[in-house]
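**Student:** Let me begin by handing over the structure; questions about it come next.
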Amino acid sequence: MTTTQTATAPTTTGAAQTIADLLAPYVGGELPVHLRAWDGSEAGPADAPVVVLRSPDALRRLLWSPGELGAAQAYVTNELDVEGDLNEALTHVWSVIAERDLSRISITPSRVARLVRSAAKLGAIGRPLPAPASQAVVKGKLHTLARDRAAISHHYDLSNDFYALVLDPHMAYSSGYWTSDAPDYTLADAQRDKLDMVCRKVGLDARPGMRFLDVGCGWGSLSLFAAENYGAQVVGVTISREQKAFIDARIAERGLGDRVEIRIQDYRQIPDGPFDAVASIEMGEHVGQENYPVYTKALHDNVVEGGRVLIQQMSRKHGDNPGGGPFIESYIAPDMFMRPVGETVAMIEESGLEVRDVHAMREHYVRTVDVWYETFENRWDDVVAMVGEEVARVWRLYLVGGGMAFRDGRMGVDQILSVRPDARGRSSMPPVRNF
């Protein structure tokens, strides 16, 4: 984390105190942070995390985009910074705000007038600043093939080398499954155990040579694992050319060309089903609310009668932002959509699939993101050298915010196992399962 030192002696008057007084009615009293402004002034509790405002531009962004998006824009452009560990700072702020009842705070005309007058004196009034270069720009009708390709490309085509810096050797970009607390048990072990569990849940252990469809295959962790460890004949589909290039290289390295085929193909365009089993790991969030029935029908139609389908997917509670929030939607995953897990189960069953179980894994994602964040911070200089400081700051904020959302229960992740019954309702599921 960068730290700014100023030649101006800190004072308790000036911009910082003006901002603190201005925000007091909206945060329920004293600031939850210690604020240091561009003029060297300071305000707020001495023992609180230090937030540095380097420019009035940070306030201008907040005026035009109040809340999460404006704060994120100011942070990624380095107009606003946090000294020390960002995770600890945001956790502190979140806990303080949660203790205060802010629902009764009202925005009155007099408060708005005061806000405008103070912002003008601080030099924060002006036209909207340009969006940071790292902010996504996707055009066209929601969830058309072209727009989906653009949205996925913004996130997943950043750089294979970048993801290799952060992820485990499997290149699994989804929650692991932690089966041990042993000191030598790593994220790579947790991802291996997750991949193995998926293969067993969909029944690939029944016999070698089963045809297996991996929808939204990412960097190939599941496709390669299923072929190597269960002898499956795998088709993986992605709309990211960077991912396909990466997996094709691994296929060649491991001599799996006769068992794994990776295609640039949308889930709506798979021509050669049905397969013996299907899985889709953390891809359903990207298909959208209106297209989700199209997605589940594609999974249903691409599995044989008696075949199993496993979806691992993130969820949101009722009333929470279904897209992940303004920051996630603007910088990480444009057009994503999440819903309560019960609603997803209902939509899966409406496709004709029969849901057999829902396996909640929220705490596993907390541990997974914790390791990603630790790795990211340890390799900060390499990340900045590769993608630049602005994008690095985007990802720091993303990892911290995502980890907090899973930790605090605002987001969940579940494995939903279903089966396609035959015309007489027979599922072919064993009466007793070992997972």
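Labels used: A, B, ... for chains in the order of the structure tokens, numbers from 1 for residues in each chain, and numbers from 1 for ligands as shown.
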Please report, as a ChimeraX atom specification, each residue of segment 86-303 of chain A to which DSSP assigns helix (DSSP H, G or I) when run on this structure's backbone.
**Tutor:** /A:86-99,102-104,109-121,145-156,160-166,187-201,204-206,221-230,241-254,267-269,284-286,292-301
**Student:** Using the chain letters and numbers from this document, which residues of segment 42-147 of chain A does DSSP assign to strand (DSSP E or B), as a PyMOL selection string?
**Tutor:** chain A and resi 42-43+50-53+80-82
**Student:** Could you name the residues that touch Tyr295 of chain A at 12 Å or less, counting only C-alpha atoms, but leaving out those on the same chain fewer than 6 positions away, as a PyMOL selection string?
**Tutor:** chain A and resi 143+215-216+266-270+280+283-289+301-302+311+344+347-348+350-351
**Student:** Measuring between only C-alpha atoms, which one of A:Met314, A:Val82, A:Val112, A:Leu69 shows the shortest distance to Arg54 of chain A?
**Tutor:** A:Val82
**Student:** For atom CA of Ser118 of chain A and atom CA of Pro132 of chain A, quote the distance in Å rounded to one decimal.
**Tutor:**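 That distance, rounded to one decimal, is 25.3 Å.
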